[in-house]
>>> print(open('model_22.csv').read())   # CSV, C-alpha atoms
chain,number,residue,atom,x,y,z
A,1,MET,CA,28.0,-11.6,-12.9
A,2,LEU,CA,29.7,-8.3,-13.5
A,3,LEU,CA,30.0,-9.1,-17.2
A,4,LYS,CA,26.3,-10.0,-17.4
A,5,LEU,CA,25.3,-6.7,-15.8
A,6,TRP,CA,27.6,-4.8,-18.2
A,7,LEU,CA,26.2,-6.6,-21.2
A,8,ARG,CA,22.6,-6.1,-20.1
A,9,GLY,CA,23.4,-2.5,-19.5
A,10,ARG,CA,24.0,-2.0,-23.3
A,11,LYS,CA,20.2,-2.1,-23.8
A,12,SER,CA,19.1,-1.0,-20.3
A,13,PRO,CA,21.7,1.3,-18.7
A,14,ALA,CA,20.1,1.0,-15.2
A,15,TYR,CA,21.7,-2.4,-14.9
A,16,ARG,CA,25.0,-0.6,-14.6
A,17,GLN,CA,23.9,1.5,-11.7
A,18,ARG,CA,24.0,0.6,-8.0
A,19,ILE,CA,26.0,-2.5,-8.7
A,20,GLY,CA,27.3,-2.7,-5.1
A,21,GLU,CA,23.9,-3.4,-3.8
A,22,ARG,CA,23.8,-6.6,-5.8
A,23,PHE,CA,26.8,-7.8,-3.9
A,24,GLY,CA,25.4,-6.9,-0.5
A,25,PHE,CA,26.9,-3.5,0.0
A,26,PRO,CA,24.1,-1.2,1.1
A,27,SER,CA,23.5,2.3,-0.2
A,28,LYS,CA,21.3,3.1,2.7
A,29,VAL,CA,20.6,1.5,6.2
A,30,SER,CA,17.7,2.4,8.4
A,31,ALA,CA,18.1,3.2,12.1
A,32,THR,CA,15.7,0.4,13.0
A,33,PRO,CA,15.5,-3.2,11.7
A,34,PRO,CA,13.3,-3.1,8.6
A,35,LEU,CA,10.8,-5.6,7.3
A,36,TRP,CA,12.5,-7.0,4.2
A,37,VAL,CA,10.2,-7.6,1.2
A,38,HIS,CA,11.6,-9.3,-2.0
A,39,ALA,CA,9.5,-8.8,-5.1
A,40,VAL,CA,11.6,-9.8,-8.1
A,41,SER,CA,10.1,-7.5,-10.8
A,42,VAL,CA,7.1,-5.3,-11.8
A,43,GLY,CA,4.3,-7.9,-11.5
A,44,GLU,CA,5.3,-8.8,-8.0
A,45,CYS,CA,5.7,-5.2,-7.0
A,46,VAL,CA,2.2,-4.3,-8.2
A,47,ALA,CA,0.7,-7.3,-6.5
A,48,ILE,CA,2.2,-6.7,-3.1
A,49,ALA,CA,1.7,-2.9,-3.1
A,50,PRO,CA,-1.8,-2.9,-1.5
A,51,VAL,CA,-0.5,-5.1,1.3
A,52,LEU,CA,2.5,-2.8,2.0
A,53,LYS,CA,0.4,0.3,1.9
A,54,GLN,CA,-2.0,-1.2,4.5
A,55,LEU,CA,1.0,-2.2,6.7
A,56,LEU,CA,2.4,1.3,6.6
A,57,ALA,CA,-1.0,2.7,7.6
A,58,LEU,CA,-1.2,0.2,10.5
A,59,TYR,CA,2.4,0.7,11.6
A,60,PRO,CA,3.6,4.3,10.8
A,61,LYS,CA,6.9,3.6,12.5
A,62,LEU,CA,7.6,0.5,10.5
A,63,THR,CA,10.5,0.7,8.0
A,64,ILE,CA,10.3,-1.5,4.9
A,65,LEU,CA,13.1,-2.4,2.6
A,66,VAL,CA,11.9,-3.7,-0.8
A,67,THR,CA,14.4,-5.5,-3.0
A,68,THR,CA,13.9,-6.3,-6.6
A,69,SER,CA,16.1,-7.9,-9.2
A,70,THR,CA,15.2,-5.7,-12.1
A,71,PRO,CA,15.4,-1.9,-12.8
A,72,THR,CA,11.8,-1.9,-14.0
A,73,GLY,CA,10.8,-3.3,-10.6
A,74,ALA,CA,12.9,-0.6,-8.9
A,75,ASP,CA,11.2,2.1,-11.0
A,76,ARG,CA,7.8,0.8,-10.2
A,77,ILE,CA,8.5,0.8,-6.4
A,78,GLY,CA,9.6,4.4,-6.7
A,79,LYS,CA,6.4,5.4,-8.4
A,80,LEU,CA,4.1,3.3,-6.2
A,81,PHE,CA,5.6,4.6,-3.0
A,82,ALA,CA,6.5,8.1,-3.8
A,83,GLY,CA,6.0,10.0,-0.5
A,84,TYR,CA,6.5,7.0,1.8
A,85,SER,CA,9.7,8.0,3.5
A,86,GLN,CA,9.7,4.8,5.6
A,87,LEU,CA,9.9,2.5,2.6
A,88,TRP,CA,12.9,2.4,0.3
A,89,HIS,CA,14.4,0.2,-2.5
A,90,GLN,CA,17.6,-1.7,-3.0
A,91,TYR,CA,18.6,-4.4,-5.4
A,92,CYS,CA,18.5,-7.9,-4.0
A,93,PRO,CA,21.9,-9.4,-3.3
A,94,TYR,CA,23.1,-12.2,-5.6
A,95,ASP,CA,22.6,-15.6,-3.9
A,96,GLN,CA,26.3,-16.0,-2.9
A,97,PRO,CA,27.2,-16.6,0.8
A,98,GLY,CA,29.2,-13.4,1.1
A,99,SER,CA,26.7,-11.1,-0.7
A,100,VAL,CA,23.8,-12.4,1.4
A,101,ALA,CA,25.8,-12.2,4.7
A,102,ARG,CA,26.9,-8.6,4.0
A,103,PHE,CA,23.3,-7.7,3.3
A,104,LEU,CA,21.9,-9.3,6.5
A,105,ARG,CA,24.7,-7.8,8.7
A,106,ALA,CA,24.0,-4.3,7.3
A,107,HIS,CA,20.2,-4.3,7.5
A,108,LYS,CA,19.4,-6.8,10.3
A,109,PRO,CA,15.9,-7.4,9.0
A,110,GLN,CA,13.2,-8.4,11.5
A,111,GLY,CA,11.6,-10.7,8.9
A,112,LEU,CA,11.5,-11.5,5.2
A,113,LEU,CA,8.4,-11.5,3.0
A,114,ILE,CA,9.0,-13.1,-0.4
A,115,VAL,CA,6.4,-12.5,-3.1
A,116,GLU,CA,5.3,-15.4,-5.3
A,117,THR,CA,8.0,-18.0,-5.9
A,118,GLU,CA,11.5,-16.6,-5.6
A,119,LEU,CA,13.4,-19.2,-3.7
A,120,TRP,CA,17.2,-18.9,-3.2
A,121,PRO,CA,19.1,-21.4,-1.0
A,122,ASN,CA,21.7,-19.0,0.5
A,123,MET,CA,19.1,-16.4,1.3
A,124,LEU,CA,16.8,-18.9,3.0
A,125,ALA,CA,19.6,-20.7,4.8
A,126,GLN,CA,21.2,-17.6,6.2
A,127,CYS,CA,17.8,-16.1,7.3
A,128,HIS,CA,17.2,-19.4,9.1
A,129,SER,CA,20.6,-19.4,10.9
A,130,ASN,CA,20.1,-15.8,11.9
A,131,ASP,CA,16.6,-16.5,13.3
A,132,ILE,CA,14.9,-14.2,10.7
A,133,PRO,CA,11.4,-15.5,10.0
A,134,VAL,CA,10.5,-16.0,6.3
A,135,LEU,CA,7.0,-15.9,4.8
A,136,LEU,CA,6.4,-16.8,1.2
A,137,ALA,CA,3.2,-15.0,0.1
A,138,ASN,CA,1.0,-15.3,-3.0
A,139,ALA,CA,3.0,-18.5,-3.8
A,140,ARG,CA,2.4,-20.3,-7.0
A,141,MET,CA,3.9,-23.5,-8.4
A,142,SER,CA,3.1,-24.7,-11.9
A,143,ASP,CA,3.6,-28.3,-13.1
A,144,LYS,CA,6.5,-27.1,-15.2
A,145,SER,CA,8.2,-25.3,-12.3
A,146,ALA,CA,7.5,-28.3,-9.9
A,147,ARG,CA,9.3,-30.6,-12.3
A,148,GLY,CA,12.3,-28.2,-12.4
A,149,TYR,CA,12.5,-28.0,-8.6
A,150,ALA,CA,12.1,-31.8,-8.4
A,151,LYS,CA,15.4,-32.2,-10.3
A,152,VAL,CA,17.2,-30.8,-7.2
A,153,ALA,CA,14.9,-32.4,-4.7
A,154,SER,CA,17.1,-32.4,-1.7
A,155,LEU,CA,18.0,-28.7,-2.1
A,156,THR,CA,14.3,-27.8,-2.7
A,157,LYS,CA,13.2,-29.7,0.4
A,158,GLN,CA,15.9,-27.9,2.5
A,159,MET,CA,14.8,-24.5,1.2
A,160,LEU,CA,11.1,-25.2,1.9
A,161,GLN,CA,12.0,-26.4,5.4
A,162,HIS,CA,13.5,-23.0,6.1
A,163,LEU,CA,10.2,-21.2,5.5
A,164,ASP,CA,8.1,-20.3,8.5
A,165,LEU,CA,4.9,-20.1,6.5
A,166,LEU,CA,3.9,-20.5,2.8
A,167,VAL,CA,0.6,-18.8,1.8
A,168,ALA,CA,-0.3,-20.3,-1.6
A,169,GLN,CA,-2.7,-19.0,-4.1
A,170,TYR,CA,-4.6,-22.2,-4.7
A,171,ASP,CA,-4.9,-25.8,-3.5
A,172,SER,CA,-3.1,-27.1,-6.6
A,173,ASP,CA,-0.2,-24.8,-5.9
A,174,GLY,CA,-0.1,-25.8,-2.2
A,175,GLU,CA,-0.2,-29.5,-3.0
A,176,ARG,CA,2.9,-29.2,-5.3
A,177,PHE,CA,4.8,-27.4,-2.6
A,178,VAL,CA,3.9,-30.2,-0.1
A,179,GLN,CA,5.0,-32.8,-2.6
A,180,LEU,CA,8.4,-31.0,-2.9
A,181,GLY,CA,8.9,-31.1,0.9
A,182,LEU,CA,6.9,-28.4,2.6
A,183,GLU,CA,5.4,-29.4,5.9
A,184,HIS,CA,1.6,-29.3,5.6
A,185,LYS,CA,1.3,-27.4,8.9
A,186,LYS,CA,3.2,-24.5,7.2
A,187,LEU,CA,0.7,-24.2,4.4
A,188,LEU,CA,-2.2,-21.7,4.0
A,189,ILE,CA,-4.4,-21.1,1.0
A,190,SER,CA,-5.5,-17.5,0.3
A,191,GLY,CA,-6.3,-17.0,-3.3
A,192,SER,CA,-4.3,-14.5,-5.4
A,193,ILE,CA,-3.6,-11.0,-4.0
A,194,LYS,CA,-3.5,-9.8,-7.6
A,195,PHE,CA,-7.3,-9.7,-7.5
A,196,ASP,CA,-6.9,-6.9,-4.9
A,197,LEU,CA,-5.2,-4.7,-7.5
A,198,GLN,CA,-5.9,-1.1,-6.8
A,199,ILE,CA,-6.6,1.0,-9.9
A,200,ALA,CA,-4.5,4.2,-9.7
A,201,ALA,CA,-6.5,7.4,-9.2
A,202,ASN,CA,-5.3,8.9,-12.5
A,203,THR,CA,-5.9,5.7,-14.6
A,204,LEU,CA,-9.5,6.2,-15.7
A,205,PRO,CA,-9.2,10.0,-16.2
A,206,ASP,CA,-6.1,9.6,-18.3
A,207,ALA,CA,-7.7,6.8,-20.2
A,208,ALA,CA,-10.8,8.9,-20.9
A,209,ASN,CA,-8.6,11.8,-22.1
A,210,LEU,CA,-6.7,9.5,-24.6
A,211,ARG,CA,-9.9,7.9,-25.7
A,212,ARG,CA,-11.4,11.3,-26.6
A,213,GLN,CA,-8.4,11.9,-28.8
A,214,ILE,CA,-8.8,8.5,-30.4
A,215,GLY,CA,-12.5,8.9,-31.0
A,216,SER,CA,-15.0,6.1,-31.7
A,217,ARG,CA,-12.6,3.8,-33.6
A,218,ALA,CA,-12.2,0.2,-32.4
A,219,VAL,CA,-9.0,-0.2,-30.2
A,220,LEU,CA,-7.1,-3.4,-29.8
A,221,ILE,CA,-4.2,-3.7,-27.3
A,222,LEU,CA,-1.4,-6.3,-27.2
A,223,GLY,CA,-0.2,-6.0,-23.6
A,224,SER,CA,3.1,-7.2,-22.0
A,225,SER,CA,4.3,-8.6,-25.4
A,226,HIS,CA,7.4,-10.7,-25.8
A,227,ASN,CA,9.7,-11.1,-28.8
A,228,THR,CA,7.9,-12.6,-31.9
A,229,GLU,CA,4.5,-11.8,-30.5
A,230,GLU,CA,4.4,-8.3,-31.9
A,231,GLN,CA,5.2,-9.6,-35.4
A,232,GLY,CA,2.7,-12.4,-35.0
A,233,LEU,CA,-0.1,-9.9,-34.3
A,234,LEU,CA,1.1,-7.3,-36.9
A,235,GLU,CA,0.9,-10.0,-39.6
A,236,LEU,CA,-2.8,-10.4,-38.6
A,237,LEU,CA,-3.3,-6.7,-38.5
A,238,VAL,CA,-2.7,-6.5,-42.3
A,239,GLN,CA,-5.8,-8.7,-42.7
A,240,LEU,CA,-7.8,-7.0,-40.0
A,241,TRP,CA,-7.4,-3.6,-41.6
A,242,ARG,CA,-9.1,-4.9,-44.8
A,243,GLN,CA,-12.2,-5.6,-42.7
A,244,PHE,CA,-11.8,-2.8,-40.1
A,245,PRO,CA,-9.8,0.0,-41.7
A,246,ASP,CA,-10.1,2.3,-38.7
A,247,LEU,CA,-8.8,-0.2,-36.2
A,248,LEU,CA,-6.1,1.2,-33.9
A,249,LEU,CA,-3.5,-1.2,-32.4
A,250,ILE,CA,-1.7,-0.4,-29.1
A,251,ILE,CA,1.4,-2.4,-28.4
A,252,VAL,CA,3.0,-2.4,-24.9
A,253,PRO,CA,6.2,-4.5,-24.9
A,254,ARG,CA,6.9,-6.3,-21.7
A,255,HIS,CA,10.6,-5.2,-21.5
A,256,PRO,CA,11.5,-1.5,-21.9
A,257,GLU,CA,14.8,-2.2,-23.7
A,258,ARG,CA,12.7,-3.5,-26.6
A,259,PHE,CA,10.6,-0.3,-27.1
A,260,THR,CA,12.7,1.0,-30.0
A,261,GLU,CA,13.0,-2.4,-31.6
A,262,VAL,CA,9.2,-2.8,-31.5
A,263,THR,CA,8.7,0.7,-32.9
A,264,GLU,CA,11.0,0.0,-35.8
A,265,LEU,CA,9.1,-3.3,-36.5
A,266,ALA,CA,5.8,-1.6,-36.4
A,267,LYS,CA,7.0,0.9,-39.0
A,268,LYS,CA,7.4,-1.9,-41.5
A,269,TYR,CA,3.6,-2.4,-41.4
A,270,SER,CA,2.5,1.2,-41.2
A,271,ASP,CA,3.9,4.7,-41.7
A,272,ARG,CA,1.5,6.0,-39.0
A,273,VAL,CA,3.2,4.8,-35.9
A,274,ILE,CA,3.4,7.0,-32.7
A,275,ARG,CA,5.2,6.4,-29.4
A,276,ARG,CA,3.4,7.5,-26.3
A,277,SER,CA,6.6,9.0,-24.9
A,278,THR,CA,6.4,11.7,-27.5
A,279,GLY,CA,3.3,13.1,-25.7
A,280,GLN,CA,1.4,13.5,-29.0
A,281,PHE,CA,-1.4,11.7,-30.6
A,282,ASP,CA,-2.6,12.0,-34.2
A,283,PRO,CA,-6.1,10.8,-35.1
A,284,SER,CA,-4.6,9.1,-38.2
A,285,CYS,CA,-2.4,6.9,-36.1
A,286,GLN,CA,-2.7,3.2,-36.8
A,287,ILE,CA,-0.2,1.7,-34.3
A,288,TYR,CA,0.5,3.3,-30.9
A,289,ILE,CA,3.5,2.1,-28.9
A,290,GLY,CA,3.1,2.2,-25.2
A,291,ASP,CA,6.7,3.0,-24.3
A,292,THR,CA,6.2,4.5,-20.9
A,293,MET,CA,6.4,2.8,-17.5
A,294,GLY,CA,3.5,2.3,-15.2
A,295,GLU,CA,0.8,3.0,-17.8
A,296,LEU,CA,-0.2,-0.5,-18.9
A,297,GLY,CA,-3.4,-0.5,-16.8
A,298,MET,CA,-4.4,2.9,-18.3
A,299,LEU,CA,-3.8,1.7,-21.8
A,300,TYR,CA,-5.9,-1.5,-21.1
A,301,ALA,CA,-8.7,0.9,-20.0
A,302,VAL,CA,-8.5,2.7,-23.3
A,303,ALA,CA,-8.9,-0.4,-25.4
A,304,ASP,CA,-12.0,-2.3,-26.4
A,305,LEU,CA,-10.3,-5.8,-26.4
A,306,ALA,CA,-7.0,-7.1,-25.0
A,307,VAL,CA,-4.6,-9.7,-26.2
A,308,VAL,CA,-2.3,-10.6,-23.3
A,309,GLY,CA,1.3,-11.4,-24.2
A,310,GLY,CA,3.7,-14.0,-23.0
A,311,SER,CA,1.0,-16.6,-24.0
A,312,PHE,CA,2.2,-17.2,-27.6
A,313,VAL,CA,5.7,-17.9,-26.5
A,314,ALA,CA,7.0,-20.3,-23.9
A,315,VAL,CA,7.0,-18.0,-20.9
A,316,GLY,CA,3.7,-19.1,-19.4
A,317,GLY,CA,1.6,-15.9,-20.0
A,318,GLN,CA,1.4,-12.5,-18.4
A,319,SER,CA,-1.5,-11.6,-16.1
A,320,PRO,CA,-5.0,-11.4,-17.6
A,321,LEU,CA,-6.2,-9.6,-14.5
A,322,GLU,CA,-5.2,-6.1,-15.4
A,323,PRO,CA,-7.5,-5.9,-18.4
A,324,ALA,CA,-10.2,-7.8,-16.5
A,325,SER,CA,-10.0,-5.2,-13.7
A,326,VAL,CA,-11.0,-2.4,-16.2
A,327,ALA,CA,-13.7,-4.5,-17.8
A,328,LYS,CA,-11.9,-5.6,-21.0
A,329,GLY,CA,-12.3,-9.0,-22.6
A,330,VAL,CA,-9.2,-11.1,-22.9
A,331,LEU,CA,-7.6,-13.2,-25.6
A,332,MET,CA,-4.6,-15.4,-24.8
A,333,GLY,CA,-2.5,-17.9,-26.5
A,334,PRO,CA,-1.9,-21.5,-25.3
A,335,GLN,CA,1.0,-20.8,-22.9
A,336,GLN,CA,-0.8,-20.0,-19.6
A,337,TYR,CA,0.9,-22.1,-17.0
A,338,ASN,CA,1.7,-19.0,-14.8
A,339,PHE,CA,-2.0,-18.6,-14.4
A,340,SER,CA,-3.1,-22.2,-14.6
A,341,VAL,CA,-6.1,-21.7,-12.2
A,342,ILE,CA,-7.0,-18.1,-13.1
A,343,CYS,CA,-7.1,-18.5,-16.8
A,344,PRO,CA,-9.6,-21.5,-16.9
A,345,GLN,CA,-11.8,-19.7,-14.3
A,346,LEU,CA,-11.8,-16.5,-16.3
A,347,GLU,CA,-12.6,-18.4,-19.4
A,348,ALA,CA,-15.4,-20.3,-17.7
A,349,ALA,CA,-16.8,-16.9,-16.6
A,350,GLN,CA,-16.8,-16.0,-20.4
A,351,GLY,CA,-14.4,-13.1,-19.8
A,352,MET,CA,-11.6,-14.7,-21.8
A,353,HIS,CA,-11.0,-16.9,-24.8
A,354,SER,CA,-7.9,-19.1,-25.3
A,355,CYS,CA,-6.5,-19.4,-28.8
A,356,SER,CA,-4.4,-22.3,-29.8
A,357,ASP,CA,-2.4,-20.3,-32.4
A,358,TYR,CA,-2.4,-17.1,-34.4
A,359,THR,CA,-5.0,-18.5,-36.9
A,360,GLU,CA,-7.5,-18.9,-34.1
A,361,LEU,CA,-6.6,-15.5,-32.7
A,362,LEU,CA,-7.4,-14.0,-36.1
A,363,GLN,CA,-10.8,-15.7,-36.1
A,364,GLN,CA,-11.6,-14.5,-32.6
A,365,LEU,CA,-10.6,-10.9,-33.4
A,366,GLN,CA,-12.7,-10.9,-36.6
A,367,ARG,CA,-15.7,-12.3,-34.7
A,368,LEU,CA,-15.4,-9.8,-31.7
A,369,LEU,CA,-14.4,-6.7,-33.6
A,370,ALA,CA,-17.5,-7.2,-35.8
A,371,ALA,CA,-19.7,-7.3,-32.8
A,372,PRO,CA,-19.0,-4.4,-30.3
A,373,GLU,CA,-21.8,-5.5,-28.0
A,374,LEU,CA,-20.1,-8.9,-27.6
A,375,MET,CA,-16.8,-7.2,-26.7
A,376,ARG,CA,-18.5,-5.1,-24.1
A,377,GLU,CA,-20.3,-8.1,-22.6
A,378,MET,CA,-17.1,-10.1,-22.5
A,379,GLY,CA,-15.4,-7.2,-20.7
A,380,LEU,CA,-18.2,-6.9,-18.1
A,381,ARG,CA,-18.0,-10.7,-17.4
A,382,ALA,CA,-14.2,-10.4,-17.0
A,383,GLU,CA,-14.7,-7.6,-14.5
A,384,LYS,CA,-17.4,-9.5,-12.6
A,385,TYR,CA,-15.1,-12.5,-12.2
A,386,PHE,CA,-12.3,-10.2,-11.1
A,387,LEU,CA,-14.4,-8.5,-8.4
A,388,SER,CA,-15.7,-11.9,-7.1
A,389,GLN,CA,-12.2,-13.2,-6.3
A,390,ARG,CA,-11.0,-10.3,-4.0
A,391,GLY,CA,-10.0,-10.8,-0.4
A,392,ALA,CA,-6.6,-12.5,-0.3
A,393,THR,CA,-4.8,-9.3,0.8
A,394,ALA,CA,-6.5,-9.4,4.2
A,395,ILE,CA,-5.3,-13.0,4.8
A,396,VAL,CA,-1.7,-12.2,3.8
A,397,LEU,CA,-1.7,-9.0,5.9
A,398,GLN,CA,-2.8,-11.0,9.0
A,399,GLN,CA,0.0,-13.6,8.5
A,400,ILE,CA,2.6,-10.9,8.1
A,401,GLN,CA,1.6,-9.5,11.4
A,402,LEU,CA,1.6,-12.9,13.1
A,403,VAL,CA,4.7,-14.5,11.5
A,404,LEU,CA,7.0,-11.6,10.7
A,405,LEU,CA,6.0,-8.7,13.0
A,406,LYS,CA,5.0,-11.0,15.9
A,407,GLN,CA,1.9,-8.9,16.6
>>> encode(input="model_22.csv", output="structure tokens")
Amino acid sequence: MLLKLWLRGRKSPAYRQRIGERFGFPSKVSATPPLWVHAVSVGECVAIAPVLKQLLALYPKLTILVTTSTPTGADRIGKLFAGYSQLWHQYCPYDQPGSVARFLRAHKPQGLLIVETELWPNMLAQCHSNDIPVLLANARMSDKSARGYAKVASLTKQMLQHLDLLVAQYDSDGERFVQLGLEHKKLLISGSIKFDLQIAANTLPDAANLRRQIGSRAVLILGSSHNTEEQGLLELLVQLWRQFPDLLLIIVPRHPERFTEVTELAKKYSDRVIRRSTGQFDPSCQIYIGDTMGELGMLYAVADLAVVGGSFVAVGGQSPLEPASVAKGVLMGPQQYNFSVICPQLEAAQGMHSCSDYTELLQQLQRLLAAPELMREMGLRAEKYFLSQRGATAIVLQQIQLVLLKQ
């Protein structure tokens, strides 16, 4: 584990910081037992933030310890909760008996809120033996994940039995958890809290400012891209520029350690590449690299059309809800199992189109970029669907109060 952290630290130095926390040695302990919230990375942190902010407003004396597994998650918590002195971050302990035991002895949490599906046997077993209630919120379980958990059926059943309540996004998710061993009486369906995403106050003004610098050109964004997806779209860009010579492409890689790599790749296709971190924008720019943290939503707002990454590689797709929340139409590849309910619903609402491969993606890009009014209409339909699904946060908040805070 130490070797893995050291190796990852070559590209992302933050992995070599605060290593003790990953083995259960606290860097800070509160005077009162905190509510422990585990949100593995950026997506989960953004999703649970509205819930936590409402909790802090309702209970000003409540202390909240948020753990993540990634430095990007840590960075996002720091930005989302700047000024909230009663909430702080530490890295989640590795799921070893000693690491988890040290963590629990040090912090004595009054309850554990796990965001989405981050199940660890030692974590759950030791919370159970220490009478620490556990709530799994915004839970999802794809067919692929269910097959994986079924391979260790007895361990999975034991973990699910240690939960006090599981709040699933949709009926299909809940049914898969029940089939894996969850007691039906411990299941509640809420919808996804990601629909209650709050747009940061500076998002639209910052987007409008950048858009003024860009001008009236068409803007396409590839958001949360993974390895090979940037090259896949850049190959199409060569053809798109023949038809739309003023087209600007924004690329926002999913992982910050790839920012430089993606920039160098982009320079093979254009000599007019700018990184956002430079703080400069030239109207002649052809490829703009979003290499800053916490600005993906703003960059989606700048664009006319969004291609959501993680969907042309076997990772199940990143969230289409961020572009939908700022009225942008969505194009995604065939890998969508992380959003197996949301994607079909968004597509049925005509706010999204699924592409089987890059050839179909090119066809859709050519069709939509040639018809700005179709892009605008697609974006408005995406936003309408997004707004129609809100409300899960209130359900999750109520269950936190009942199950974890005993209110």
>>> atom_distance(input="model_22.csv", atom1="atom CA of A:Tyr337", atom2="atom CA of A:Gly316")
4.8 Å
>>> closest_residue(input="model_22.csv", among="A:Pro334, A:Gly191, A:Pro256, A:Gly223", to="A:Leu299", atoms="all atoms listed in the file")
A:Gly223
>>> closest_residue(input="model_22.csv", among="A:Ile19, A:Val37, A:Val252, A:Ile193", to="A:Leu2", atoms="all atoms listed in the file")
A:Ile19
>>> closest_atom_pairs(input="model_22.csv", of="stretch 272-336 of chain A", to="stretch 132-145 of chain A", cutoff="12 Å", atoms="all atoms listed in the file", output="JSON lines")
{"residue": "A:Ala314", "atom": "CA", "partner": "A:Lys144", "partner_atom": "CA", "distance": 11.1}
{"residue": "A:Val315", "atom": "CA", "partner": "A:Lys144", "partner_atom": "CA", "distance": 10.7}
{"residue": "A:Gly316", "atom": "CA", "partner": "A:Ser142", "partner_atom": "CA", "distance": 9.4}
{"residue": "A:Gln335", "atom": "CA", "partner": "A:Lys144", "partner_atom": "CA", "distance": 11.4}
{"residue": "A:Gln336", "atom": "CA", "partner": "A:Ser142", "partner_atom": "CA", "distance": 9.8}
>>> residues_near_point(input="model_22.csv", point="(-3.4, -5.3, -9.2)", cutoff="6 Å", atoms="all atoms listed in the file", output="list in words")
Val46, Ala47, Lys194, Asp196, Leu197 and Gln198 of chain A
>>> atom_distance(input="model_22.csv", atom1="atom CA of A:Arg381", atom2="atom CA of A:Leu233")
24.6 Å
>>> residues_around(input="model_22.csv", residues="A:Ile287", least_positions_apart="3", cutoff="12 Å", atoms="only C-alpha atoms", output="count of residues only")
38
>>> atom_distance(input="model_22.csv", atom1="atom CA of A:Pro205", atom2="atom CA of A:Phe81")
20.6 Å
>>> residues_around(input="model_22.csv", residues="A:Cys92", least_positions_apart="6", cutoff="6 Å", atoms="all atoms listed in the file", output="list of chain:residue names")
A:Arg22, A:Thr67, A:Thr68, A:Ser69
>>> residues_around(input="model_22.csv", residues="A:Lys384", least_positions_apart="6", cutoff="12 Å", atoms="all atoms listed in the file", output="list in words")
Phe195, Leu321, Ala324, Ser325, Val326, Ala327, Lys328, Gly329, Gln345, Leu346, Ala349, Gln350, Gly351, Glu377, Met378 and Arg390 of chain A
>>> write_last_selection(input="model_22.csv", atoms="C-alpha atoms", output="short mmCIF file (atom, residue, chain, number, x, y, z; two decimals), in the coordinates of the input")
data_model
loop_
_atom_site.label_atom_id
_atom_site.label_comp_id
_atom_site.auth_asym_id
_atom_site.auth_seq_id
_atom_site.Cartn_x
_atom_site.Cartn_y
_atom_site.Cartn_z
CA PHE A 195 -7.30 -9.70 -7.50
CA LEU A 321 -6.20 -9.60 -14.50
CA ALA A 324 -10.20 -7.80 -16.50
CA SER A 325 -10.00 -5.20 -13.70
CA VAL A 326 -11.00 -2.40 -16.20
CA ALA A 327 -13.70 -4.50 -17.80
CA LYS A 328 -11.90 -5.60 -21.00
CA GLY A 329 -12.30 -9.00 -22.60
CA GLN A 345 -11.80 -19.70 -14.30
CA LEU A 346 -11.80 -16.50 -16.30
CA ALA A 349 -16.80 -16.90 -16.60
CA GLN A 350 -16.80 -16.00 -20.40
CA GLY A 351 -14.40 -13.10 -19.80
CA GLU A 377 -20.30 -8.10 -22.60
CA MET A 378 -17.10 -10.10 -22.50
CA ARG A 390 -11.00 -10.30 -4.00
#
